[in-house]
file protein.tsv (TSV, C-alpha atoms)
chain	number	residue	atom	x	y	z
Y	1	MET	CA	-104.38	-105.02	86.03
Y	2	PRO	CA	-100.79	-103.83	85.54
Y	3	PRO	CA	-98.65	-103.68	88.66
Y	4	SER	CA	-98.46	-100.32	90.38
Y	5	THR	CA	-95.23	-98.40	90.29
Y	6	ARG	CA	-95.78	-96.19	93.32
Y	7	THR	CA	-92.89	-96.40	95.73
Y	8	THR	CA	-94.51	-97.99	98.76
Y	9	THR	CA	-94.35	-101.53	100.01
Y	10	PRO	CA	-98.11	-102.18	99.54
Y	11	SER	CA	-97.90	-101.02	95.90
Y	12	ALA	CA	-95.33	-103.69	95.17
Y	13	PHE	CA	-97.11	-106.56	96.86
Y	14	ARG	CA	-100.67	-105.35	97.58
Y	15	ASP	CA	-102.59	-107.60	95.17
Y	16	LEU	CA	-100.83	-110.85	96.06
Y	17	PRO	CA	-103.17	-113.54	97.47
Y	18	SER	CA	-103.21	-114.81	101.05
Y	19	ALA	CA	-101.27	-117.99	100.18
Y	20	VAL	CA	-98.28	-115.87	99.13
Y	21	TRP	CA	-98.41	-113.84	102.34
Y	22	THR	CA	-98.70	-117.02	104.40
Y	23	ILE	CA	-95.55	-118.44	102.80
Y	24	PHE	CA	-93.85	-115.07	103.31
Y	25	ALA	CA	-94.71	-115.07	107.04
Y	26	GLY	CA	-93.74	-118.73	107.44
Y	27	THR	CA	-90.44	-118.08	105.69
Y	28	ILE	CA	-89.59	-115.28	108.13
Y	29	VAL	CA	-90.36	-117.59	111.05
Y	30	ASN	CA	-88.27	-120.36	109.51
Y	31	ARG	CA	-85.31	-118.12	108.74
Y	32	LEU	CA	-85.35	-116.65	112.24
Y	33	GLY	CA	-84.23	-120.13	113.25
Y	34	TYR	CA	-81.42	-120.28	110.70
Y	35	LEU	CA	-78.88	-120.31	113.50
Y	36	VAL	CA	-77.01	-123.60	113.62
Y	37	THR	CA	-75.29	-123.46	110.20
Y	38	PRO	CA	-73.41	-120.12	110.72
Y	39	PHE	CA	-72.13	-121.36	114.10
Y	40	LEU	CA	-71.61	-125.00	113.15
Y	41	VAL	CA	-67.81	-124.80	113.10
Y	42	PHE	CA	-67.81	-123.35	116.62
Y	43	PHE	CA	-70.25	-126.03	117.83
Y	44	LEU	CA	-68.11	-128.80	116.34
Y	45	ALA	CA	-65.02	-127.39	118.04
Y	46	SER	CA	-66.86	-127.41	121.37
Y	47	ARG	CA	-67.43	-131.14	120.83
Y	48	GLY	CA	-63.78	-131.76	120.01
Y	49	VAL	CA	-64.24	-131.96	116.23
Y	50	THR	CA	-61.50	-129.96	114.54
Y	51	GLY	CA	-59.24	-129.96	111.49
Y	52	GLY	CA	-60.02	-132.44	108.73
Y	53	ASP	CA	-62.93	-133.99	110.58
Y	54	THR	CA	-64.81	-130.69	110.37
Y	55	SER	CA	-64.69	-130.86	106.56
Y	56	TYR	CA	-66.60	-134.17	106.61
Y	57	VAL	CA	-69.52	-132.60	108.46
Y	58	LEU	CA	-69.48	-129.42	106.35
Y	59	GLY	CA	-69.18	-131.47	103.16
Y	60	ALA	CA	-72.20	-133.54	104.17
Y	61	LEU	CA	-74.12	-130.36	104.86
Y	62	GLY	CA	-73.31	-129.11	101.34
Y	63	ALA	CA	-74.11	-132.44	99.69
Y	64	GLY	CA	-77.59	-132.46	101.19
Y	65	ASN	CA	-78.39	-129.31	99.22
Y	66	LEU	CA	-77.85	-131.31	96.03
Y	67	ILE	CA	-80.19	-134.12	97.10
Y	68	GLY	CA	-83.10	-132.27	98.67
Y	69	PRO	CA	-84.19	-130.06	95.75
Y	70	ALA	CA	-84.28	-132.96	93.30
Y	71	VAL	CA	-86.37	-135.07	95.69
Y	72	GLY	CA	-88.55	-132.13	96.68
Y	73	GLY	CA	-89.42	-131.29	93.08
Y	74	VAL	CA	-90.61	-134.83	92.35
Y	75	LEU	CA	-92.57	-135.10	95.60
Y	76	ALA	CA	-94.24	-131.72	95.04
Y	77	ASP	CA	-95.71	-132.96	91.76
Y	78	ARG	CA	-96.31	-136.52	92.97
Y	79	ILE	CA	-97.84	-136.22	96.44
Y	80	GLY	CA	-98.50	-132.46	96.63
Y	81	ARG	CA	-96.98	-129.19	97.76
Y	82	ARG	CA	-98.17	-129.18	101.38
Y	83	PRO	CA	-97.15	-132.79	102.20
Y	84	THR	CA	-93.70	-132.18	100.73
Y	85	MET	CA	-93.21	-129.02	102.76
Y	86	LEU	CA	-94.30	-130.84	105.93
Y	87	ILE	CA	-91.96	-133.77	105.28
Y	88	GLY	CA	-89.05	-131.37	104.79
Y	89	LEU	CA	-89.77	-129.16	107.79
Y	90	ILE	CA	-90.47	-131.98	110.26
Y	91	GLY	CA	-87.55	-134.04	108.94
Y	92	ALA	CA	-85.13	-131.12	109.26
Y	93	ALA	CA	-86.36	-130.36	112.79
Y	94	ALA	CA	-85.74	-133.98	113.81
Y	95	ALA	CA	-82.30	-133.87	112.19
Y	96	GLN	CA	-81.40	-130.81	114.28
Y	97	GLY	CA	-81.94	-132.85	117.41
Y	98	ALA	CA	-79.97	-135.74	115.94
Y	99	LEU	CA	-77.00	-133.48	115.19
Y	100	PHE	CA	-76.97	-132.04	118.69
Y	101	LEU	CA	-77.07	-135.53	120.25
Y	102	ALA	CA	-74.76	-137.25	117.73
Y	103	PRO	CA	-71.89	-139.03	119.53
Y	104	GLY	CA	-69.24	-138.90	116.79
Y	105	VAL	CA	-68.06	-137.38	113.53
Y	106	TRP	CA	-69.84	-139.79	111.22
Y	107	THR	CA	-73.17	-139.58	113.00
Y	108	MET	CA	-72.79	-135.78	112.96
Y	109	ALA	CA	-72.13	-135.92	109.21
Y	110	ALA	CA	-75.20	-138.10	108.68
Y	111	ALA	CA	-77.35	-135.70	110.69
Y	112	ALA	CA	-75.94	-132.69	108.80
Y	113	LEU	CA	-76.73	-134.41	105.50
Y	114	LEU	CA	-80.31	-134.99	106.65
Y	115	ILE	CA	-80.70	-131.37	107.85
Y	116	SER	CA	-79.77	-129.89	104.49
Y	117	ALA	CA	-81.47	-132.60	102.39
Y	118	ALA	CA	-84.77	-132.36	104.28
Y	119	GLY	CA	-84.64	-128.59	104.58
Y	120	SER	CA	-83.98	-128.06	100.88
Y	121	THR	CA	-86.98	-130.19	99.84
Y	122	VAL	CA	-89.17	-127.34	101.07
Y	123	SER	CA	-88.18	-124.69	98.51
Y	124	PRO	CA	-89.33	-126.48	95.30
Y	125	ALA	CA	-92.72	-127.20	96.87
Y	126	ALA	CA	-93.08	-123.65	98.23
Y	127	PHE	CA	-92.01	-122.13	94.89
Y	128	ALA	CA	-94.46	-124.38	93.02
Y	129	LEU	CA	-97.22	-123.36	95.42
Y	130	LEU	CA	-96.40	-119.69	94.76
Y	131	ALA	CA	-96.62	-120.35	91.01
Y	132	ASP	CA	-99.99	-122.07	91.55
Y	133	ALA	CA	-101.31	-119.10	93.53
Y	134	VAL	CA	-100.59	-116.28	91.07
Y	135	ASP	CA	-100.59	-115.66	87.33
Y	136	SER	CA	-97.42	-115.17	85.30
Y	137	GLU	CA	-97.60	-111.37	85.57
Y	138	ARG	CA	-97.37	-111.46	89.38
Y	139	ARG	CA	-94.88	-114.28	89.89
Y	140	ARG	CA	-91.83	-112.05	89.91
Y	141	ARG	CA	-93.36	-110.05	92.79
Y	142	ALA	CA	-94.42	-113.21	94.63
Y	143	TYR	CA	-90.89	-114.58	94.49
Y	144	ALA	CA	-89.45	-111.17	95.40
Y	145	LEU	CA	-91.68	-111.12	98.50
Y	146	PHE	CA	-90.44	-114.62	99.37
Y	147	GLY	CA	-86.84	-113.46	99.04
Y	148	TRP	CA	-87.59	-110.40	101.15
Y	149	GLY	CA	-88.86	-112.70	103.89
Y	150	VAL	CA	-85.65	-114.73	103.70
Y	151	ASN	CA	-83.55	-111.59	104.13
Y	152	ILE	CA	-85.65	-110.21	106.99
Y	153	GLY	CA	-85.42	-113.51	108.89
Y	154	THR	CA	-81.73	-113.94	108.16
Y	155	ALA	CA	-80.90	-110.39	109.28
Y	156	VAL	CA	-82.63	-110.88	112.63
Y	157	ALA	CA	-81.14	-114.36	113.02
Y	158	GLY	CA	-77.63	-112.95	112.60
Y	159	VAL	CA	-78.11	-110.81	115.70
Y	160	LEU	CA	-80.05	-113.45	117.64
Y	161	GLY	CA	-77.55	-116.23	116.90
Y	162	GLY	CA	-74.58	-114.49	118.47
Y	163	TYR	CA	-76.50	-113.85	121.68
Y	164	LEU	CA	-77.88	-117.39	121.95
Y	165	ALA	CA	-74.53	-119.03	121.17
Y	166	ALA	CA	-73.01	-117.18	124.14
Y	167	GLN	CA	-75.71	-118.67	126.39
Y	168	GLY	CA	-75.31	-122.22	125.11
Y	169	TYR	CA	-75.28	-123.99	121.74
Y	170	TRP	CA	-78.33	-126.06	122.69
Y	171	LEU	CA	-80.39	-122.88	122.34
Y	172	LEU	CA	-79.42	-122.60	118.67
Y	173	PHE	CA	-80.68	-126.11	117.98
Y	174	ALA	CA	-83.84	-125.58	120.01
Y	175	VAL	CA	-84.75	-122.36	118.18
Y	176	ASP	CA	-83.94	-123.88	114.78
Y	177	ALA	CA	-86.09	-126.95	115.38
Y	178	GLY	CA	-88.86	-124.92	116.98
Y	179	SER	CA	-89.04	-122.46	114.08
Y	180	MET	CA	-89.31	-125.32	111.59
Y	181	LEU	CA	-92.11	-126.96	113.55
Y	182	LEU	CA	-93.90	-123.61	113.83
Y	183	TYR	CA	-93.66	-123.16	110.05
Y	184	ALA	CA	-95.03	-126.70	109.65
Y	185	LEU	CA	-98.00	-125.69	111.82
Y	186	VAL	CA	-98.56	-122.61	109.63
Y	187	VAL	CA	-98.50	-124.82	106.52
Y	188	THR	CA	-100.99	-127.24	108.09
Y	189	VAL	CA	-103.45	-124.58	109.25
Y	190	ARG	CA	-103.17	-121.83	106.64
Y	191	LEU	CA	-102.24	-123.38	103.29
Y	192	LYS	CA	-104.50	-125.37	100.98
Y	193	GLU	CA	-103.32	-127.90	98.44
Y	194	PRO	CA	-104.20	-126.74	94.91
Y	195	LYS	CA	-106.51	-129.04	93.00
Y	196	ARG	CA	-104.92	-130.99	90.18
Y	197	GLU	CA	-106.44	-133.42	87.75
Y	198	ALA	CA	-105.25	-137.03	87.90
Y	199	SER	CA	-104.37	-136.81	84.21
Y	200	GLN	CA	-101.92	-134.00	85.01
Y	201	ARG	CA	-100.10	-136.19	87.52
Y	202	ARG	CA	-99.62	-138.95	84.94
Y	203	LYS	CA	-98.45	-136.63	82.21
Y	204	ASP	CA	-94.73	-136.91	81.35
Y	205	GLY	CA	-94.16	-139.48	84.12
Y	206	ILE	CA	-92.82	-138.46	87.52
Y	207	GLY	CA	-89.14	-137.81	86.75
Y	208	TYR	CA	-87.16	-134.89	85.35
Y	209	GLY	CA	-87.50	-135.92	81.71
Y	210	VAL	CA	-90.03	-133.12	81.23
Y	211	VAL	CA	-87.33	-130.60	82.17
Y	212	PHE	CA	-84.55	-132.27	80.17
Y	213	ARG	CA	-86.70	-132.16	77.03
Y	214	ASP	CA	-87.23	-128.40	77.40
Y	215	ARG	CA	-84.38	-126.82	75.40
Y	216	LEU	CA	-85.10	-123.32	76.62
Y	217	ALA	CA	-85.00	-124.45	80.23
Y	218	LEU	CA	-81.71	-126.24	79.61
Y	219	LEU	CA	-80.24	-123.03	78.19
Y	220	LEU	CA	-81.40	-120.91	81.11
Y	221	LEU	CA	-80.36	-123.20	83.96
Y	222	PRO	CA	-76.58	-123.04	83.41
Y	223	LEU	CA	-76.76	-119.27	82.79
Y	224	PHE	CA	-78.62	-118.75	86.05
Y	225	GLY	CA	-76.26	-121.24	87.70
Y	226	VAL	CA	-73.15	-119.24	86.84
Y	227	GLN	CA	-74.81	-116.03	88.03
Y	228	LEU	CA	-75.74	-117.73	91.31
Y	229	PHE	CA	-72.18	-119.03	91.64
Y	230	VAL	CA	-70.82	-115.48	91.34
Y	231	TYR	CA	-73.30	-114.27	93.95
Y	232	SER	CA	-72.40	-117.17	96.29
Y	233	LEU	CA	-68.81	-115.92	96.37
Y	234	THR	CA	-70.08	-113.11	98.62
Y	235	GLU	CA	-70.64	-115.73	101.34
Y	236	VAL	CA	-67.55	-117.83	100.66
Y	237	ALA	CA	-64.67	-115.72	99.32
Y	238	LEU	CA	-65.49	-112.36	100.90
Y	239	PRO	CA	-64.61	-113.52	104.45
Y	240	LEU	CA	-61.33	-114.93	103.12
Y	241	ALA	CA	-60.48	-111.59	101.52
Y	242	VAL	CA	-61.33	-109.69	104.70
Y	243	ARG	CA	-59.11	-112.03	106.70
Y	244	ASP	CA	-56.21	-111.72	104.24
Y	245	SER	CA	-56.43	-107.94	104.44
Y	246	GLY	CA	-55.59	-108.21	108.12
Y	247	LEU	CA	-59.04	-107.06	109.22
Y	248	SER	CA	-61.01	-108.60	112.08
Y	249	PRO	CA	-64.03	-110.92	111.75
Y	250	ALA	CA	-66.11	-108.00	113.04
Y	251	VAL	CA	-65.50	-106.26	109.70
Y	252	TYR	CA	-67.09	-109.18	107.85
Y	253	GLY	CA	-70.01	-109.02	110.27
Y	254	ALA	CA	-70.38	-105.32	109.50
Y	255	MET	CA	-70.37	-106.04	105.75
Y	256	ALA	CA	-73.09	-108.65	106.24
Y	257	ALA	CA	-75.09	-106.05	108.15
Y	258	VAL	CA	-74.68	-103.51	105.32
Y	259	ASN	CA	-76.02	-106.07	102.84
Y	260	ALA	CA	-78.95	-107.05	105.07
Y	261	VAL	CA	-80.00	-103.46	105.74
Y	262	MET	CA	-79.83	-102.51	102.05
Y	263	VAL	CA	-81.82	-105.51	100.86
Y	264	VAL	CA	-84.49	-105.27	103.53
Y	265	ALA	CA	-84.88	-101.50	103.08
Y	266	LEU	CA	-84.72	-101.23	99.28
Y	267	GLN	CA	-86.18	-104.42	97.81
Y	268	PRO	CA	-89.91	-103.51	98.01
Y	269	PHE	CA	-89.25	-100.14	96.39
Y	270	ALA	CA	-87.04	-101.63	93.66
Y	271	THR	CA	-89.70	-104.23	92.89
Y	272	ALA	CA	-92.27	-101.44	92.41
Y	273	TRP	CA	-89.96	-99.17	90.41
Y	274	LEU	CA	-88.86	-101.91	88.00
Y	275	ALA	CA	-92.24	-103.59	87.58
Y	276	ARG	CA	-92.79	-102.25	84.06
Y	277	VAL	CA	-89.29	-102.99	82.76
Y	278	PRO	CA	-88.89	-106.34	80.91
Y	279	GLN	CA	-87.78	-108.94	83.44
Y	280	LEU	CA	-84.80	-110.30	81.51
Y	281	VAL	CA	-83.45	-106.78	80.97
Y	282	VAL	CA	-83.58	-106.19	84.73
Y	283	GLN	CA	-82.11	-109.63	85.45
Y	284	SER	CA	-79.18	-109.07	83.10
Y	285	ALA	CA	-78.43	-105.59	84.43
Y	286	GLY	CA	-78.64	-106.73	88.04
Y	287	SER	CA	-76.46	-109.79	87.42
Y	288	ALA	CA	-73.81	-107.64	85.77
Y	289	LEU	CA	-73.94	-105.30	88.77
Y	290	ILE	CA	-73.39	-108.25	91.12
Y	291	ALA	CA	-70.42	-109.41	89.05
Y	292	VAL	CA	-68.84	-105.95	89.13
Y	293	GLY	CA	-69.42	-105.66	92.89
Y	294	VAL	CA	-67.89	-109.08	93.58
Y	295	ALA	CA	-64.89	-108.28	91.37
Y	296	LEU	CA	-64.36	-105.01	93.28
Y	297	THR	CA	-63.60	-107.14	96.32
Y	298	GLY	CA	-60.25	-107.86	94.71
Y	299	LEU	CA	-59.38	-104.15	94.82
Y	300	ALA	CA	-60.42	-103.61	98.43
Y	301	ASP	CA	-57.97	-103.62	101.33
Y	302	SER	CA	-59.81	-101.41	103.84
Y	303	VAL	CA	-63.22	-101.12	105.44
Y	304	ALA	CA	-64.14	-98.38	102.98
Y	305	GLY	CA	-63.12	-100.49	99.98
Y	306	TYR	CA	-65.10	-103.51	101.13
Y	307	THR	CA	-68.11	-101.31	101.87
Y	308	VAL	CA	-68.10	-100.01	98.29
Y	309	SER	CA	-67.99	-103.54	96.87
Y	310	VAL	CA	-70.78	-104.74	99.17
Y	311	VAL	CA	-72.98	-101.76	98.27
Y	312	VAL	CA	-72.55	-102.46	94.54
Y	313	TRP	CA	-73.39	-106.17	94.65
Y	314	SER	CA	-76.17	-105.58	97.17
Y	315	LEU	CA	-77.82	-103.19	94.72
Y	316	GLY	CA	-77.58	-105.93	92.11
Y	317	GLU	CA	-79.17	-108.39	94.54
Y	318	VAL	CA	-82.04	-105.95	95.15
Y	319	VAL	CA	-82.58	-105.49	91.40
Y	320	VAL	CA	-82.74	-109.20	90.46
Y	321	ALA	CA	-84.93	-110.30	93.38
Y	322	GLY	CA	-87.49	-112.87	92.30
Y	323	ILE	CA	-86.84	-112.62	88.56
Y	324	ALA	CA	-84.93	-115.83	87.83
Y	325	ALA	CA	-87.38	-117.97	89.79
Y	326	GLY	CA	-90.32	-116.20	88.16
Y	327	VAL	CA	-88.96	-116.61	84.63
Y	328	PHE	CA	-88.30	-120.29	85.20
Y	329	ALA	CA	-91.72	-120.82	86.79
Y	330	ASN	CA	-93.37	-119.33	83.70
Y	331	LEU	CA	-91.66	-121.94	81.52
Y	332	ALA	CA	-93.15	-124.83	83.50
Y	333	PRO	CA	-96.27	-126.72	82.44
Y	334	GLU	CA	-98.85	-126.70	85.23
Y	335	HIS	CA	-98.39	-130.41	85.99
Y	336	ALA	CA	-94.58	-130.09	86.28
Y	337	ARG	CA	-94.10	-126.92	88.32
Y	338	GLY	CA	-92.60	-128.82	91.23
Y	339	ARG	CA	-89.96	-130.47	89.06
Y	340	TYR	CA	-89.08	-127.23	87.28
Y	341	GLN	CA	-88.60	-125.55	90.65
Y	342	GLY	CA	-86.69	-128.61	91.84
Y	343	ALA	CA	-84.31	-128.18	88.90
Y	344	PHE	CA	-83.96	-124.47	89.65
Y	345	SER	CA	-83.36	-125.07	93.37
Y	346	TRP	CA	-80.83	-127.81	92.53
Y	347	THR	CA	-78.99	-125.31	90.32
Y	348	TRP	CA	-78.89	-122.90	93.28
Y	349	GLY	CA	-77.55	-125.67	95.54
Y	350	MET	CA	-74.95	-126.63	92.94
Y	351	ALA	CA	-73.84	-123.01	92.61
Y	352	ARG	CA	-73.27	-122.70	96.36
Y	353	PHE	CA	-71.50	-126.07	96.46
Y	354	ALA	CA	-69.23	-124.97	93.59
Y	355	ALA	CA	-68.45	-121.72	95.39
Y	356	LEU	CA	-67.50	-123.66	98.53
Y	357	THR	CA	-65.25	-126.06	96.63
Y	358	LEU	CA	-64.08	-124.62	93.30
Y	359	GLY	CA	-64.22	-121.00	94.42
Y	360	VAL	CA	-62.19	-121.60	97.58
Y	361	THR	CA	-59.72	-123.77	95.66
Y	362	VAL	CA	-59.09	-121.08	93.04
Y	363	TYR	CA	-58.71	-118.43	95.75
Y	364	THR	CA	-56.26	-120.43	97.86
Y	365	ALA	CA	-54.42	-122.64	95.36
Y	366	VAL	CA	-54.20	-120.31	92.36
Y	367	THR	CA	-54.58	-116.59	93.15
Y	368	PRO	CA	-57.39	-114.42	94.53
Y	369	ALA	CA	-57.08	-112.20	91.44
Y	370	THR	CA	-57.92	-115.19	89.24
Y	371	LEU	CA	-61.15	-115.72	91.15
Y	372	TRP	CA	-62.19	-112.06	90.98
Y	373	TRP	CA	-61.48	-111.82	87.25
Y	374	THR	CA	-63.35	-115.07	86.67
Y	375	ALA	CA	-66.34	-113.72	88.57
Y	376	LEU	CA	-66.34	-110.51	86.51
Y	377	VAL	CA	-66.04	-112.22	83.12
Y	378	ALA	CA	-68.39	-115.11	83.88
Y	379	GLY	CA	-71.01	-112.89	85.52
Y	380	THR	CA	-71.15	-110.26	82.79
Y	381	ALA	CA	-70.95	-112.83	79.97
Y	382	THR	CA	-73.86	-114.89	81.30
Y	383	ALA	CA	-75.85	-111.70	81.94
Y	384	ALA	CA	-75.44	-110.78	78.28
Y	385	ALA	CA	-76.23	-114.33	77.15
Y	386	THR	CA	-79.42	-114.33	79.22
Y	387	LEU	CA	-80.57	-111.17	77.49
Y	388	THR	CA	-80.22	-112.86	74.07
Y	389	LEU	CA	-82.95	-115.32	75.10
Y	390	LYS	CA	-85.49	-112.54	75.71
Y	391	THR	CA	-87.30	-112.98	72.38
Y	392	ARG	CA	-87.54	-116.77	72.74
Y	393	ILE	CA	-88.93	-116.52	76.26
Y	394	GLU	CA	-91.49	-113.89	75.25
Y	395	ARG	CA	-92.52	-116.01	72.25
Y	396	ARG	CA	-92.93	-119.01	74.55
Y	397	ALA	CA	-95.06	-116.98	76.98
Y	398	ALA	CA	-97.28	-115.73	74.16
Y	399	HIS	CA	-97.74	-119.27	72.86
Y	400	ASP	CA	-98.71	-120.54	76.33
Y	401	LEU	CA	-101.24	-117.71	76.77
Y	402	ALA	CA	-102.77	-118.49	73.39
Y	403	ALA	CA	-102.97	-122.17	74.29
call {"tool": "encode", "arguments": {"input": "protein.tsv", "output": "structure tokens"}}
result
Amino acid sequence: MPPSTRTTTPSAFRDLPSAVWTIFAGTIVNRLGYLVTPFLVFFLASRGVTGGDTSYVLGALGAGNLIGPAVGGVLADRIGRRPTMLIGLIGAAAAQGALFLAPGVWTMAAAALLISAAGSTVSPAAFALLADAVDSERRRRAYALFGWGVNIGTAVAGVLGGYLAAQGYWLLFAVDAGSMLLYALVVTVRLKEPKREASQRRKDGIGYGVVFRDRLALLLLPLFGVQLFVYSLTEVALPLAVRDSGLSPAVYGAMAAVNAVMVVALQPFATAWLARVPQLVVQSAGSALIAVGVALTGLADSVAGYTVSVVVWSLGEVVVAGIAAGVFANLAPEHARGRYQGAFSWTWGMARFAALTLGVTVYTAVTPATLWWTALVAGTATAAATLTLKTRIERRAAHDLAA
């Protein structure tokens, strides 16, 4: 049955199975506890960790996002989706306690590495479980619903975190760990492990060779990676630009609120409206819109200017929701969905890590204009390049359906 295009939330997501809604609800719960990372610098300062020592802890936190997805993808195919999600959630909850109790910089760095590594093992398994639960026609909407849950939880957490931090940093850690354990309980009670034949588990071994031999996947990953890098600049370079314009941190908070409200309010409707448009066309248009919005940051020097740029790239974010993950999931053989999603999640982690390192370096050591022009050119070029693969991806999908 073709997806409905009526402009209501149920019309976008109505026919998705209970497993997808369970992951959606668990994701909201989990993201409500996404409190420690935004306030980590302030927590470290309260423990006497400042200057260069802070970079060790933050660097470890970023490095974990490069380890977890790769491990999570293998485990999802090897031992199953649910066990992998439970390992990640329980491990990350334990690491939250370890970070709060850590006596020094290096133990804090080790705990931060474990938080991000364990936490990021969850996404490949959850994404693979979503791909197991729905057919290729509904995957874009399943992943869009997942992303909507992330944004809902993050928006509420932004308000909750400021209040809890004023009462005591221990509350941030307690809520983070508690939300992860609650999600683990939801996974245990509500989700079922999909049945897989033993022959599927042996096929292509257990490593990432199955992904590396897929030429189409290897073309898409760097294109999606660059687009994700451009989007990640909204978290990394935007606050630097606001600061350099002489505006207060409250302005950046207001911009984050504008983004959250737009995404939460518009995403279900956009998913319904764009359901009949070819996915790669939508992905390319939305990615170009993000690149233009990010580049407009370089022209802004007032609240109004920054609001315009945020509105533009937020519209792009709404448009592309769920498409890249859905397209990549459709490329994966059934027995390797975890590893394909592990590769995709690793690309996302690498994009954020590059934004934190390369993006900040270009902004501070070269010129901000160089970064904004790079974002515009790279974002629009990769959007166009992605569109050129439309025929190959459709041919691959038709071949898989015939098989």
call {"tool": "residues_near_point", "arguments": {"input": "protein.tsv", "point": "(-98.7, -123.2, 91.8)", "cutoff": "9 Å", "atoms": "only C-alpha atoms", "output": "JSON, numbers by chain"}}
result
{"Y": [81, 125, 126, 127, 128, 129, 130, 131, 132, 133, 134, 135, 194, 329, 334, 337, 338]}
call {"tool": "residues_around", "arguments": {"input": "protein.tsv", "residues": "range 303-319 of chain Y", "least_positions_apart": "6", "cutoff": "10 Å", "atoms": "all atoms listed in the file", "output": "ChimeraX atom specification"}}
result
/Y:144,147-148,231,234,238,241-242,245,247,251-252,254-256,258-271,273-274,282-297
call {"tool": "residues_around", "arguments": {"input": "protein.tsv", "residues": "range 38-53 of chain Y", "least_positions_apart": "2", "cutoff": "7 Å", "atoms": "all atoms listed in the file", "output": "NGL selection string"}}
result
:Y and (35-36 or 55-56 or 105 or 169)
call {"tool": "closest_residue", "arguments": {"input": "protein.tsv", "among": "Y:Ala98, Y:Leu240, Y:Ala110, Y:Ala70", "to": "Asp301 in chain Y", "atoms": "all atoms listed in the file"}}
result
Y:Leu240
call {"tool": "atom_distance", "arguments": {"input": "protein.tsv", "atom1": "CA of Pro124 in chain Y", "atom2": "CA of Leu223 in chain Y"}}
result
19.1 Å
call {"tool": "closest_residue", "arguments": {"input": "protein.tsv", "among": "Y:Arg213, Y:Arg190, Y:Arg339, Y:Arg14", "to": "Ala76 in chain Y", "atoms": "only C-alpha atoms"}}
result
Y:Arg339
call {"tool": "atom_distance", "arguments": {"input": "protein.tsv", "atom1": "CA of Ser18 in chain Y", "atom2": "CA of Arg140 in chain Y"}}
result
16.2 Å
call {"tool": "residues_around", "arguments": {"input": "protein.tsv", "residues": "Arg138 in chain Y", "least_positions_apart": "4", "cutoff": "9 Å", "atoms": "only C-alpha atoms", "output": "PDB file with C-alpha atoms, in the coordinates of the input"}}
result
ATOM      1  CA  PRO Y   3     -98.650-103.680  88.660  1.00  0.00           C
ATOM      2  CA  PHE Y  13     -97.110-106.560  96.860  1.00  0.00           C
ATOM      3  CA  ASP Y  15    -102.590-107.600  95.170  1.00  0.00           C
ATOM      4  CA  LEU Y  16    -100.830-110.850  96.060  1.00  0.00           C
ATOM      5  CA  VAL Y 134    -100.590-116.280  91.070  1.00  0.00           C
ATOM      6  CA  ALA Y 142     -94.420-113.210  94.630  1.00  0.00           C
ATOM      7  CA  TYR Y 143     -90.890-114.580  94.490  1.00  0.00           C
ATOM      8  CA  GLY Y 326     -90.320-116.200  88.160  1.00  0.00           C
TER       9      GLY Y 326
END
call {"tool": "closest_residue", "arguments": {"input": "protein.tsv", "among": "Y:Phe100, Y:Tyr183, Y:Tyr208, Y:Phe146", "to": "Gly342 in chain Y", "atoms": "only C-alpha atoms"}}
result
Y:Tyr208
